[in-house]
$ cat my_file_25.pdb   # PDB, C-alpha atoms and all ligand atoms
ATOM      1  CA  MET A 714       0.000   0.000   0.000  1.00  0.00           C
ATOM      2  CA  THR A 715       0.972   3.565  -0.516  1.00  0.00           C
ATOM      3  CA  SER A 716       1.136   6.259   2.113  1.00  0.00           C
ATOM      4  CA  TRP A 717       0.852   9.495   0.170  1.00  0.00           C
ATOM      5  CA  THR A 718      -0.671  12.223   2.279  1.00  0.00           C
ATOM      6  CA  SER A 719      -1.208  14.965  -0.312  1.00  0.00           C
ATOM      7  CA  LEU A 720      -1.963  15.409  -4.006  1.00  0.00           C
ATOM      8  CA  ASP A 721       1.493  16.996  -4.375  1.00  0.00           C
ATOM      9  CA  GLU A 722       3.116  13.845  -3.015  1.00  0.00           C
ATOM     10  CA  ILE A 723       1.184  11.753  -5.525  1.00  0.00           C
ATOM     11  CA  ALA A 724       2.272  14.107  -8.339  1.00  0.00           C
ATOM     12  CA  ALA A 725       5.914  13.694  -7.246  1.00  0.00           C
ATOM     13  CA  ALA A 726       5.516   9.911  -7.262  1.00  0.00           C
ATOM     14  CA  VAL A 727       4.008  10.037 -10.773  1.00  0.00           C
ATOM     15  CA  ARG A 728       6.969  12.107 -11.981  1.00  0.00           C
ATOM     16  CA  ALA A 729       9.392   9.536 -10.565  1.00  0.00           C
ATOM     17  CA  CYS A 730       7.396   6.512 -11.790  1.00  0.00           C
ATOM     18  CA  ARG A 731       8.985   3.834 -13.956  1.00  0.00           C
ATOM     19  CA  ALA A 732       6.388   1.130 -13.363  1.00  0.00           C
ATOM     20  CA  CYS A 733       5.550   0.625 -17.042  1.00  0.00           C
ATOM     21  CA  ASP A 734       7.212   1.216 -20.387  1.00  0.00           C
ATOM     22  CA  LEU A 735       5.430   4.517 -21.012  1.00  0.00           C
ATOM     23  CA  HIS A 736       8.110   6.251 -18.929  1.00  0.00           C
ATOM     24  CA  ARG A 737      10.618   5.520 -21.713  1.00  0.00           C
ATOM     25  CA  THR A 738       8.781   7.537 -24.349  1.00  0.00           C
ATOM     26  CA  ARG A 739       7.152  10.299 -22.295  1.00  0.00           C
ATOM     27  CA  THR A 740       8.426  13.876 -22.300  1.00  0.00           C
ATOM     28  CA  HIS A 741       6.527  14.892 -19.163  1.00  0.00           C
ATOM     29  CA  PRO A 742       4.268  12.769 -16.983  1.00  0.00           C
ATOM     30  CA  VAL A 743       0.873  14.410 -16.407  1.00  0.00           C
ATOM     31  CA  PRO A 744      -0.247  13.757 -12.814  1.00  0.00           C
ATOM     32  CA  GLY A 745      -3.314  16.009 -13.019  1.00  0.00           C
ATOM     33  CA  GLU A 746      -4.127  19.424 -11.628  1.00  0.00           C
ATOM     34  CA  GLY A 747      -6.709  21.405  -9.739  1.00  0.00           C
ATOM     35  CA  PRO A 748      -7.353  22.745  -6.256  1.00  0.00           C
ATOM     36  CA  PRO A 749      -7.045  20.213  -3.409  1.00  0.00           C
ATOM     37  CA  THR A 750     -10.451  21.463  -2.230  1.00  0.00           C
ATOM     38  CA  ALA A 751     -12.193  20.643  -5.543  1.00  0.00           C
ATOM     39  CA  ARG A 752     -15.566  18.891  -5.091  1.00  0.00           C
ATOM     40  CA  VAL A 753     -15.631  17.848  -8.748  1.00  0.00           C
ATOM     41  CA  MET A 754     -13.100  15.597 -10.477  1.00  0.00           C
ATOM     42  CA  LEU A 755     -12.752  14.754 -14.162  1.00  0.00           C
ATOM     43  CA  VAL A 756     -10.982  11.602 -15.313  1.00  0.00           C
ATOM     44  CA  GLY A 757      -9.851  11.311 -18.934  1.00  0.00           C
ATOM     45  CA  GLU A 758      -7.946   8.601 -20.754  1.00  0.00           C
ATOM     46  CA  ALA A 759      -4.283   9.524 -21.182  1.00  0.00           C
ATOM     47  CA  PRO A 760      -2.159  12.554 -22.090  1.00  0.00           C
ATOM     48  CA  GLY A 761      -1.869  13.416 -25.782  1.00  0.00           C
ATOM     49  CA  TYR A 762       0.850  15.343 -27.626  1.00  0.00           C
ATOM     50  CA  HIS A 763       0.278  18.757 -26.020  1.00  0.00           C
ATOM     51  CA  GLU A 764      -0.193  17.311 -22.556  1.00  0.00           C
ATOM     52  CA  ASP A 765       3.049  15.334 -22.887  1.00  0.00           C
ATOM     53  CA  ARG A 766       4.845  18.540 -23.940  1.00  0.00           C
ATOM     54  CA  THR A 767       3.517  20.639 -21.084  1.00  0.00           C
ATOM     55  CA  GLY A 768       2.903  18.149 -18.260  1.00  0.00           C
ATOM     56  CA  ARG A 769      -0.682  19.473 -17.931  1.00  0.00           C
ATOM     57  CA  PRO A 770      -3.974  17.650 -18.633  1.00  0.00           C
ATOM     58  CA  PHE A 771      -6.374  18.622 -21.414  1.00  0.00           C
ATOM     59  CA  VAL A 772      -4.479  21.572 -22.894  1.00  0.00           C
ATOM     60  CA  GLY A 773      -4.978  20.626 -26.571  1.00  0.00           C
ATOM     61  CA  ALA A 774      -8.082  20.895 -28.760  1.00  0.00           C
ATOM     62  CA  ALA A 775     -10.049  18.434 -26.608  1.00  0.00           C
ATOM     63  CA  GLY A 776      -9.183  20.601 -23.596  1.00  0.00           C
ATOM     64  CA  LYS A 777     -10.633  23.711 -25.242  1.00  0.00           C
ATOM     65  CA  LEU A 778     -13.847  21.816 -25.878  1.00  0.00           C
ATOM     66  CA  LEU A 779     -13.778  20.535 -22.294  1.00  0.00           C
ATOM     67  CA  ASP A 780     -13.633  24.126 -20.997  1.00  0.00           C
ATOM     68  CA  ARG A 781     -16.838  24.918 -22.921  1.00  0.00           C
ATOM     69  CA  LEU A 782     -18.506  21.760 -21.653  1.00  0.00           C
ATOM     70  CA  LEU A 783     -17.592  22.612 -18.065  1.00  0.00           C
ATOM     71  CA  GLU A 784     -19.277  25.983 -18.545  1.00  0.00           C
ATOM     72  CA  ARG A 785     -22.419  24.142 -19.622  1.00  0.00           C
ATOM     73  CA  ALA A 786     -22.380  22.334 -16.283  1.00  0.00           C
ATOM     74  CA  GLY A 787     -21.857  25.620 -14.422  1.00  0.00           C
ATOM     75  CA  LEU A 788     -18.188  24.951 -13.699  1.00  0.00           C
ATOM     76  CA  ARG A 789     -14.881  26.659 -14.393  1.00  0.00           C
ATOM     77  CA  ARG A 790     -11.682  24.731 -14.922  1.00  0.00           C
ATOM     78  CA  ASP A 791     -10.067  26.305 -11.850  1.00  0.00           C
ATOM     79  CA  GLN A 792     -12.801  24.720  -9.697  1.00  0.00           C
ATOM     80  CA  VAL A 793     -12.198  21.125 -10.770  1.00  0.00           C
ATOM     81  CA  PHE A 794      -9.435  18.542 -10.464  1.00  0.00           C
ATOM     82  CA  ILE A 795      -8.577  17.009 -13.849  1.00  0.00           C
ATOM     83  CA  THR A 796      -6.561  13.853 -14.330  1.00  0.00           C
ATOM     84  CA  ASN A 797      -6.338  10.729 -16.475  1.00  0.00           C
ATOM     85  CA  ILE A 798      -6.469   6.955 -16.099  1.00  0.00           C
ATOM     86  CA  VAL A 799      -2.899   6.743 -17.421  1.00  0.00           C
ATOM     87  CA  LYS A 800      -0.505   9.546 -16.504  1.00  0.00           C
ATOM     88  CA  CYS A 801       2.001   9.200 -19.372  1.00  0.00           C
ATOM     89  CA  ARG A 802       1.320   9.527 -23.107  1.00  0.00           C
ATOM     90  CA  PRO A 803       1.001   6.259 -25.031  1.00  0.00           C
ATOM     91  CA  PRO A 804       3.129   6.526 -28.209  1.00  0.00           C
ATOM     92  CA  LYS A 805       1.168   7.974 -31.145  1.00  0.00           C
ATOM     93  CA  ASN A 806      -1.855   8.278 -28.847  1.00  0.00           C
ATOM     94  CA  ARG A 807      -2.614   4.564 -29.074  1.00  0.00           C
ATOM     95  CA  ASP A 808      -5.050   3.101 -26.537  1.00  0.00           C
ATOM     96  CA  PRO A 809      -3.522   2.475 -23.121  1.00  0.00           C
ATOM     97  CA  ARG A 810      -2.753  -1.222 -22.526  1.00  0.00           C
ATOM     98  CA  PRO A 811      -4.177  -3.215 -19.612  1.00  0.00           C
ATOM     99  CA  GLU A 812      -0.769  -3.470 -17.928  1.00  0.00           C
ATOM    100  CA  GLU A 813      -0.276   0.316 -18.214  1.00  0.00           C
ATOM    101  CA  ILE A 814      -3.713   0.970 -16.737  1.00  0.00           C
ATOM    102  CA  ALA A 815      -2.962  -1.476 -13.912  1.00  0.00           C
ATOM    103  CA  ALA A 816       0.447   0.114 -13.190  1.00  0.00           C
ATOM    104  CA  CYS A 817      -1.139   3.571 -12.968  1.00  0.00           C
ATOM    105  CA  ARG A 818      -4.139   2.519 -10.904  1.00  0.00           C
ATOM    106  CA  PRO A 819      -2.687   3.300  -7.425  1.00  0.00           C
ATOM    107  CA  PHE A 820      -2.209   6.950  -8.419  1.00  0.00           C
ATOM    108  CA  LEU A 821      -5.831   7.515  -9.401  1.00  0.00           C
ATOM    109  CA  GLN A 822      -7.038   5.503  -6.428  1.00  0.00           C
ATOM    110  CA  ALA A 823      -5.014   7.689  -4.064  1.00  0.00           C
ATOM    111  CA  GLN A 824      -6.096  10.903  -5.808  1.00  0.00           C
ATOM    112  CA  ILE A 825      -9.746   9.947  -5.345  1.00  0.00           C
ATOM    113  CA  THR A 826      -9.204   8.980  -1.702  1.00  0.00           C
ATOM    114  CA  LEU A 827      -7.419  12.242  -0.845  1.00  0.00           C
ATOM    115  CA  LEU A 828      -9.658  14.572  -2.846  1.00  0.00           C
ATOM    116  CA  ASP A 829     -12.848  12.732  -1.891  1.00  0.00           C
ATOM    117  CA  PRO A 830     -14.841  14.453  -4.656  1.00  0.00           C
ATOM    118  CA  ALA A 831     -18.626  14.608  -4.543  1.00  0.00           C
ATOM    119  CA  ILE A 832     -18.864  14.200  -8.328  1.00  0.00           C
ATOM    120  CA  ILE A 833     -16.570  12.390 -10.760  1.00  0.00           C
ATOM    121  CA  PHE A 834     -17.105  12.899 -14.494  1.00  0.00           C
ATOM    122  CA  THR A 835     -15.547  10.074 -16.480  1.00  0.00           C
ATOM    123  CA  LEU A 836     -14.508  11.013 -20.011  1.00  0.00           C
ATOM    124  CA  GLY A 837     -14.540   8.178 -22.523  1.00  0.00           C
ATOM    125  CA  ARG A 838     -14.620   4.417 -22.228  1.00  0.00           C
ATOM    126  CA  PHE A 839     -11.364   3.768 -20.357  1.00  0.00           C
ATOM    127  CA  ALA A 840     -12.392   6.052 -17.498  1.00  0.00           C
ATOM    128  CA  LEU A 841     -15.909   4.587 -17.569  1.00  0.00           C
ATOM    129  CA  GLN A 842     -14.528   1.074 -17.239  1.00  0.00           C
ATOM    130  CA  TYR A 843     -12.328   1.965 -14.307  1.00  0.00           C
ATOM    131  CA  PHE A 844     -15.544   2.532 -12.332  1.00  0.00           C
ATOM    132  CA  PHE A 845     -17.912   0.195 -14.175  1.00  0.00           C
ATOM    133  CA  PRO A 846     -15.975  -2.713 -15.697  1.00  0.00           C
ATOM    134  CA  GLY A 847     -17.652  -3.967 -18.861  1.00  0.00           C
ATOM    135  CA  ALA A 848     -20.053  -1.003 -19.102  1.00  0.00           C
ATOM    136  CA  ARG A 849     -20.827   0.579 -22.479  1.00  0.00           C
ATOM    137  CA  ILE A 850     -20.500   4.323 -22.897  1.00  0.00           C
ATOM    138  CA  GLY A 851     -23.342   4.393 -25.437  1.00  0.00           C
ATOM    139  CA  GLN A 852     -25.699   3.163 -22.726  1.00  0.00           C
ATOM    140  CA  MET A 853     -24.367   5.072 -19.734  1.00  0.00           C
ATOM    141  CA  HIS A 854     -23.397   8.527 -21.001  1.00  0.00           C
ATOM    142  CA  GLY A 855     -25.041  11.353 -19.122  1.00  0.00           C
ATOM    143  CA  LYS A 856     -26.513   9.123 -16.403  1.00  0.00           C
ATOM    144  CA  ALA A 857     -25.428  10.049 -12.892  1.00  0.00           C
ATOM    145  CA  VAL A 858     -24.861   6.970 -10.737  1.00  0.00           C
ATOM    146  CA  GLN A 859     -24.676   7.292  -6.951  1.00  0.00           C
ATOM    147  CA  ARG A 860     -21.942   5.364  -5.125  1.00  0.00           C
ATOM    148  CA  GLY A 861     -22.174   5.998  -1.406  1.00  0.00           C
ATOM    149  CA  ALA A 862     -21.967   9.764  -0.981  1.00  0.00           C
ATOM    150  CA  ARG A 863     -20.442  10.245  -4.447  1.00  0.00           C
ATOM    151  CA  TRP A 864     -21.914  10.671  -7.922  1.00  0.00           C
ATOM    152  CA  ILE A 865     -20.180   9.201 -10.963  1.00  0.00           C
ATOM    153  CA  VAL A 866     -21.282  10.743 -14.252  1.00  0.00           C
ATOM    154  CA  PRO A 867     -20.038   8.954 -17.395  1.00  0.00           C
ATOM    155  CA  MET A 868     -19.509  11.182 -20.437  1.00  0.00           C
ATOM    156  CA  TYR A 869     -18.245  10.644 -23.950  1.00  0.00           C
ATOM    157  CA  HIS A 870     -14.654  11.739 -24.464  1.00  0.00           C
ATOM    158  CA  PRO A 871     -14.379  15.317 -25.808  1.00  0.00           C
ATOM    159  CA  ALA A 872     -11.708  14.215 -28.331  1.00  0.00           C
ATOM    160  CA  ALA A 873     -14.252  11.885 -29.975  1.00  0.00           C
ATOM    161  CA  ALA A 874     -16.542  14.871 -30.510  1.00  0.00           C
ATOM    162  CA  LEU A 875     -13.830  16.724 -32.431  1.00  0.00           C
ATOM    163  CA  TYR A 876     -14.339  14.452 -35.434  1.00  0.00           C
ATOM    164  CA  ARG A 877     -17.963  13.395 -34.777  1.00  0.00           C
ATOM    165  CA  PRO A 878     -20.139  16.527 -34.605  1.00  0.00           C
ATOM    166  CA  ALA A 879     -23.210  14.522 -33.519  1.00  0.00           C
ATOM    167  CA  LEU A 880     -21.311  13.512 -30.394  1.00  0.00           C
ATOM    168  CA  ALA A 881     -20.475  17.150 -29.663  1.00  0.00           C
ATOM    169  CA  GLN A 882     -24.204  17.807 -29.453  1.00  0.00           C
ATOM    170  CA  VAL A 883     -24.724  14.844 -27.096  1.00  0.00           C
ATOM    171  CA  LEU A 884     -21.829  16.006 -24.907  1.00  0.00           C
ATOM    172  CA  GLU A 885     -23.233  19.526 -24.698  1.00  0.00           C
ATOM    173  CA  GLU A 886     -26.617  18.155 -23.677  1.00  0.00           C
ATOM    174  CA  ASP A 887     -25.163  15.733 -21.129  1.00  0.00           C
ATOM    175  CA  PHE A 888     -23.043  18.425 -19.466  1.00  0.00           C
ATOM    176  CA  ALA A 889     -25.950  20.877 -19.469  1.00  0.00           C
ATOM    177  CA  ALA A 890     -28.120  18.204 -17.850  1.00  0.00           C
ATOM    178  CA  ALA A 891     -25.483  17.754 -15.109  1.00  0.00           C
ATOM    179  CA  ALA A 892     -25.691  21.452 -14.133  1.00  0.00           C
ATOM    180  CA  GLU A 893     -28.466  20.810 -11.634  1.00  0.00           C
ATOM    181  CA  LEU A 894     -26.507  18.067  -9.841  1.00  0.00           C
ATOM    182  CA  VAL A 895     -23.386  20.267  -9.826  1.00  0.00           C
ATOM    183  CA  ALA A 896     -25.302  23.232  -8.381  1.00  0.00           C
ATOM    184  CA  ARG A 897     -26.829  21.031  -5.695  1.00  0.00           C
ATOM    185  CA  VAL A 898     -23.498  19.524  -4.673  1.00  0.00           C
ATOM    186  CA  LEU A 899     -21.574  22.807  -4.726  1.00  0.00           C
ATOM    187  CA  GLY A 900     -24.398  24.529  -2.866  1.00  0.00           C
ATOM    188  CA  ALA A 901     -24.344  21.820  -0.192  1.00  0.00           C
ATOM    189  CA  SER A 902     -20.550  22.147   0.183  1.00  0.00           C
ATOM    190  CA  ARG A 903     -20.827  25.911   0.597  1.00  0.00           C
ATOM    191  CA  ALA A 904     -23.543  25.475   3.214  1.00  0.00           C
ATOM    192  CA  ASP A 905     -21.359  22.989   5.138  1.00  0.00           C
ATOM    193  CA  ALA A 906     -18.396  25.369   5.026  1.00  0.00           C
ATOM    194  CA  ALA A 907     -20.536  28.272   6.270  1.00  0.00           C
ATOM    195  CA  GLU A 908     -21.889  26.150   9.117  1.00  0.00           C
ATOM    196  CA  GLN A 909     -18.381  25.200  10.195  1.00  0.00           C
ATOM    197  CA  GLY A 910     -17.532  28.893  10.292  1.00  0.00           C
TER     198      GLY A 910
HETATM  199  N1  LIG A1001      -7.222  13.321 -23.734  1.00  0.00           N
HETATM  200  C1  LIG A1001      -7.231  12.789 -22.497  1.00  0.00           C
HETATM  201  O1  LIG A1001      -7.890  11.785 -22.242  1.00  0.00           O
HETATM  202  N2  LIG A1001      -6.514  13.381 -21.553  1.00  0.00           N
HETATM  203  C2  LIG A1001      -5.804  14.480 -21.751  1.00  0.00           C
HETATM  204  O2  LIG A1001      -5.187  14.967 -20.806  1.00  0.00           O
HETATM  205  C3  LIG A1001      -5.822  15.035 -23.052  1.00  0.00           C
HETATM  206  C4  LIG A1001      -6.532  14.446 -24.031  1.00  0.00           C
END

$ encode --input "my_file_25.pdb" --output "structure tokens"
Amino acid sequence: MTSWTSLDEIAAAVRACRACDLHRTRTHPVPGEGPPTARVMLVGEAPGYHEDRTGRPFVGAAGKLLDRLLERAGLRRDQVFITNIVKCRPPKNRDPRPEEIAACRPFLQAQITLLDPAIIFTLGRFALQYFFPGARIGQMHGKAVQRGARWIVPMYHPAAALYRPALAQVLEEDFAAAAELVARVLGASRADAAEQG
């Protein structure tokens, strides 16, 4: 078991990680970013070219679309924690392999434990399957599922919408539909904080 006590410690461990072959071809690992107080987390698939260059998640074209989608849900990027299933770029943006996903799993697990988000948006099928093994994105997109005190909301991956305009429409609708849940959860967090003084 791991004993990381902060998101920064996890990020440092990701940067030092050599647990799978992706470390050989990466430029920068991409641990994820966002405020440690974020109530909302987004989990994508893996860094692409621009993310590998900068060490930051969702900074390319899919990231620009993601910013617009977040707005639809009543969120700004600086309010959310964004990360990926796999923290290093697979060569030529191929799908992450099962052994790479398994090697990276402790990082995401620890990020979720420490952040303890009220809502997790999964982006695309790899993130969906982390939470719901065997589930199909076509059937689950946009449906909020409660797990204990947390909501998991599966979404299509924004990158898929870049070359399939019909999916862009679905994504916009799904994020807009999540606005009510987001407002409820953020409102409840603010009320708790006010009560605690
Ligand atoms: N696609 C992802 O899944 N993650 C990123 O960080 C960028 C593109």

$ residues_around --input "my_file_25.pdb" --residues "A:Gly787" --least-positions-apart "6" --cutoff "8 Å" --atoms "all atoms listed in the file" --output "ChimeraX atom specification"
/A:892,895-896

$ resolve_selection --input "my_file_25.pdb" --expression "the PyMOL selection byres (((chain A and resi 844) around 12) and not hetatm)" --output "ChimeraX atom specification"
/A:756,798,818,821-822,825,833-843,845-850,853,858-860,864-867

$ write_last_selection --input "my_file_25.pdb" --atoms "C-alpha atoms" --output "PDB file, keeping the file's coordinate frame"
ATOM      1  CA  VAL A 756     -10.982  11.602 -15.313  1.00  0.00           C
ATOM      2  CA  ILE A 798      -6.469   6.955 -16.099  1.00  0.00           C
ATOM      3  CA  ARG A 818      -4.139   2.519 -10.904  1.00  0.00           C
ATOM      4  CA  LEU A 821      -5.831   7.515  -9.401  1.00  0.00           C
ATOM      5  CA  GLN A 822      -7.038   5.503  -6.428  1.00  0.00           C
ATOM      6  CA  ILE A 825      -9.746   9.947  -5.345  1.00  0.00           C
ATOM      7  CA  ILE A 833     -16.570  12.390 -10.760  1.00  0.00           C
ATOM      8  CA  PHE A 834     -17.105  12.899 -14.494  1.00  0.00           C
ATOM      9  CA  THR A 835     -15.547  10.074 -16.480  1.00  0.00           C
ATOM     10  CA  LEU A 836     -14.508  11.013 -20.011  1.00  0.00           C
ATOM     11  CA  GLY A 837     -14.540   8.178 -22.523  1.00  0.00           C
ATOM     12  CA  ARG A 838     -14.620   4.417 -22.228  1.00  0.00           C
ATOM     13  CA  PHE A 839     -11.364   3.768 -20.357  1.00  0.00           C
ATOM     14  CA  ALA A 840     -12.392   6.052 -17.498  1.00  0.00           C
ATOM     15  CA  LEU A 841     -15.909   4.587 -17.569  1.00  0.00           C
ATOM     16  CA  GLN A 842     -14.528   1.074 -17.239  1.00  0.00           C
ATOM     17  CA  TYR A 843     -12.328   1.965 -14.307  1.00  0.00           C
ATOM     18  CA  PHE A 845     -17.912   0.195 -14.175  1.00  0.00           C
ATOM     19  CA  PRO A 846     -15.975  -2.713 -15.697  1.00  0.00           C
ATOM     20  CA  GLY A 847     -17.652  -3.967 -18.861  1.00  0.00           C
ATOM     21  CA  ALA A 848     -20.053  -1.003 -19.102  1.00  0.00           C
ATOM     22  CA  ARG A 849     -20.827   0.579 -22.479  1.00  0.00           C
ATOM     23  CA  ILE A 850     -20.500   4.323 -22.897  1.00  0.00           C
ATOM     24  CA  MET A 853     -24.367   5.072 -19.734  1.00  0.00           C
ATOM     25  CA  VAL A 858     -24.861   6.970 -10.737  1.00  0.00           C
ATOM     26  CA  GLN A 859     -24.676   7.292  -6.951  1.00  0.00           C
ATOM     27  CA  ARG A 860     -21.942   5.364  -5.125  1.00  0.00           C
ATOM     28  CA  TRP A 864     -21.914  10.671  -7.922  1.00  0.00           C
ATOM     29  CA  ILE A 865     -20.180   9.201 -10.963  1.00  0.00           C
ATOM     30  CA  VAL A 866     -21.282  10.743 -14.252  1.00  0.00           C
ATOM     31  CA  PRO A 867     -20.038   8.954 -17.395  1.00  0.00           C
TER      32      PRO A 867
END

$ residues_near_ligand --input "my_file_25.pdb" --ligand "ligand LIG 1001 (chain A)" --cutoff "12 Å" --atoms "all atoms listed in the file" --output "PyMOL selection string"
chain A and resi 741-746+755-779+794-803+806-809+835-841+868-875

$ residues_around --input "my_file_25.pdb" --residues "A:Gln824" --least-positions-apart "3" --cutoff "9 Å" --atoms "all atoms listed in the file" --output "CSV table (one decimal) with C-alpha atoms, in the frame of the given file"
chain,number,residue,atom,x,y,z
A,719,SER,CA,-1.2,15.0,-0.3
A,720,LEU,CA,-2.0,15.4,-4.0
A,723,ILE,CA,1.2,11.8,-5.5
A,819,PRO,CA,-2.7,3.3,-7.4
A,820,PHE,CA,-2.2,7.0,-8.4
A,821,LEU,CA,-5.8,7.5,-9.4
A,827,LEU,CA,-7.4,12.2,-0.8
A,828,LEU,CA,-9.7,14.6,-2.8
A,829,ASP,CA,-12.8,12.7,-1.9

$ atom_distance --input "my_file_25.pdb" --atom1 "atom CA of A:Ala901" --atom2 "atom CA of A:His854"
24.7 Å

$ residues_around --input "my_file_25.pdb" --residues "A:Val898" --least-positions-apart "3" --cutoff "10 Å" --atoms "all atoms listed in the file" --output "list in words"
Arg752, Val753, Ala831, Ile832, Arg863, Trp864, Ala892, Glu893, Leu894, Val895, Ala901, Ser902, Arg903 and Ala904 of chain A

$ atom_distance --input "my_file_25.pdb" --atom1 "atom CA of A:Trp717" --atom2 "atom CA of A:His736"
20.7 Å

$ atom_distance --input "my_file_25.pdb" --atom1 "atom CA of A:Ala815" --atom2 "atom CA of A:Thr750"
26.8 Å

$ closest_residue --input "my_file_25.pdb" --among "A:Cys817, A:Ala724, A:Val883, A:Ala889" --to "A:Leu788" --atoms "only C-alpha atoms"
A:Ala889

$ closest_residue --input "my_file_25.pdb" --among "A:Cys733, A:Leu880, A:Leu899, A:Val793" --to "A:Pro749" --atoms "only C-alpha atoms"
A:Val793

$ closest_residue --input "my_file_25.pdb" --among "A:Ala891, A:Arg789, A:Tyr876, A:Arg739" --to "A:Val727" --atoms "only C-alpha atoms"
A:Arg739

$ closest_residue --input "my_file_25.pdb" --among "A:Arg790, A:Lys856, A:Arg781, A:Arg897" --to "A:Ala881" --atoms "all atoms listed in the file"
A:Arg781

$ decode --input "my_file_25.pdb" --residues "stretch 848-864 of chain A" --atoms "N, CA and C atoms" --output "PDB file, in the first residue's frame"
ATOM      1  N   ALA A 848     -18.938  -1.884 -18.714  1.00  0.00           N
ATOM      2  CA  ALA A 848     -20.053  -1.003 -19.102  1.00  0.00           C
ATOM      3  C   ALA A 848     -19.818  -0.400 -20.482  1.00  0.00           C
ATOM      4  N   ARG A 849     -20.906  -0.015 -21.136  1.00  0.00           N
ATOM      5  CA  ARG A 849     -20.827   0.579 -22.479  1.00  0.00           C
ATOM      6  C   ARG A 849     -21.171   2.068 -22.398  1.00  0.00           C
ATOM      7  N   ILE A 850     -20.302   2.872 -22.976  1.00  0.00           N
ATOM      8  CA  ILE A 850     -20.500   4.323 -22.897  1.00  0.00           C
ATOM      9  C   ILE A 850     -21.783   4.753 -23.610  1.00  0.00           C
ATOM     10  N   GLY A 851     -22.125   4.048 -24.689  1.00  0.00           N
ATOM     11  CA  GLY A 851     -23.342   4.393 -25.437  1.00  0.00           C
ATOM     12  C   GLY A 851     -24.593   4.265 -24.585  1.00  0.00           C
ATOM     13  N   GLN A 852     -24.528   3.372 -23.591  1.00  0.00           N
ATOM     14  CA  GLN A 852     -25.699   3.163 -22.726  1.00  0.00           C
ATOM     15  C   GLN A 852     -25.669   4.027 -21.465  1.00  0.00           C
ATOM     16  N   MET A 853     -24.452   4.429 -21.058  1.00  0.00           N
ATOM     17  CA  MET A 853     -24.367   5.072 -19.734  1.00  0.00           C
ATOM     18  C   MET A 853     -24.108   6.573 -19.779  1.00  0.00           C
ATOM     19  N   HIS A 854     -23.785   7.108 -20.959  1.00  0.00           N
ATOM     20  CA  HIS A 854     -23.397   8.527 -21.001  1.00  0.00           C
ATOM     21  C   HIS A 854     -24.511   9.414 -20.438  1.00  0.00           C
ATOM     22  N   GLY A 855     -24.094  10.365 -19.643  1.00  0.00           N
ATOM     23  CA  GLY A 855     -25.041  11.353 -19.122  1.00  0.00           C
ATOM     24  C   GLY A 855     -25.854  10.893 -17.922  1.00  0.00           C
ATOM     25  N   LYS A 856     -25.699   9.622 -17.523  1.00  0.00           N
ATOM     26  CA  LYS A 856     -26.513   9.123 -16.403  1.00  0.00           C
ATOM     27  C   LYS A 856     -25.703   9.162 -15.112  1.00  0.00           C
ATOM     28  N   ALA A 857     -26.142   9.958 -14.169  1.00  0.00           N
ATOM     29  CA  ALA A 857     -25.428  10.049 -12.892  1.00  0.00           C
ATOM     30  C   ALA A 857     -25.749   8.820 -12.051  1.00  0.00           C
ATOM     31  N   VAL A 858     -24.682   8.176 -11.562  1.00  0.00           N
ATOM     32  CA  VAL A 858     -24.861   6.970 -10.737  1.00  0.00           C
ATOM     33  C   VAL A 858     -24.324   7.270  -9.347  1.00  0.00           C
ATOM     34  N   GLN A 859     -25.123   6.999  -8.318  1.00  0.00           N
ATOM     35  CA  GLN A 859     -24.676   7.292  -6.951  1.00  0.00           C
ATOM     36  C   GLN A 859     -23.919   6.100  -6.384  1.00  0.00           C
ATOM     37  N   ARG A 860     -22.748   6.395  -5.804  1.00  0.00           N
ATOM     38  CA  ARG A 860     -21.942   5.364  -5.125  1.00  0.00           C
ATOM     39  C   ARG A 860     -21.619   5.880  -3.740  1.00  0.00           C
ATOM     40  N   GLY A 861     -22.341   5.426  -2.741  1.00  0.00           N
ATOM     41  CA  GLY A 861     -22.174   5.998  -1.406  1.00  0.00           C
ATOM     42  C   GLY A 861     -22.572   7.464  -1.465  1.00  0.00           C
ATOM     43  N   ALA A 862     -21.662   8.333  -0.982  1.00  0.00           N
ATOM     44  CA  ALA A 862     -21.967   9.764  -0.981  1.00  0.00           C
ATOM     45  C   ALA A 862     -21.553  10.433  -2.288  1.00  0.00           C
ATOM     46  N   ARG A 863     -21.041   9.663  -3.233  1.00  0.00           N
ATOM     47  CA  ARG A 863     -20.442  10.245  -4.447  1.00  0.00           C
ATOM     48  C   ARG A 863     -21.292   9.952  -5.676  1.00  0.00           C
ATOM     49  N   TRP A 864     -21.264  10.889  -6.630  1.00  0.00           N
ATOM     50  CA  TRP A 864     -21.914  10.671  -7.922  1.00  0.00           C
ATOM     51  C   TRP A 864     -20.857  10.441  -8.993  1.00  0.00           C
TER      52      TRP A 864
END
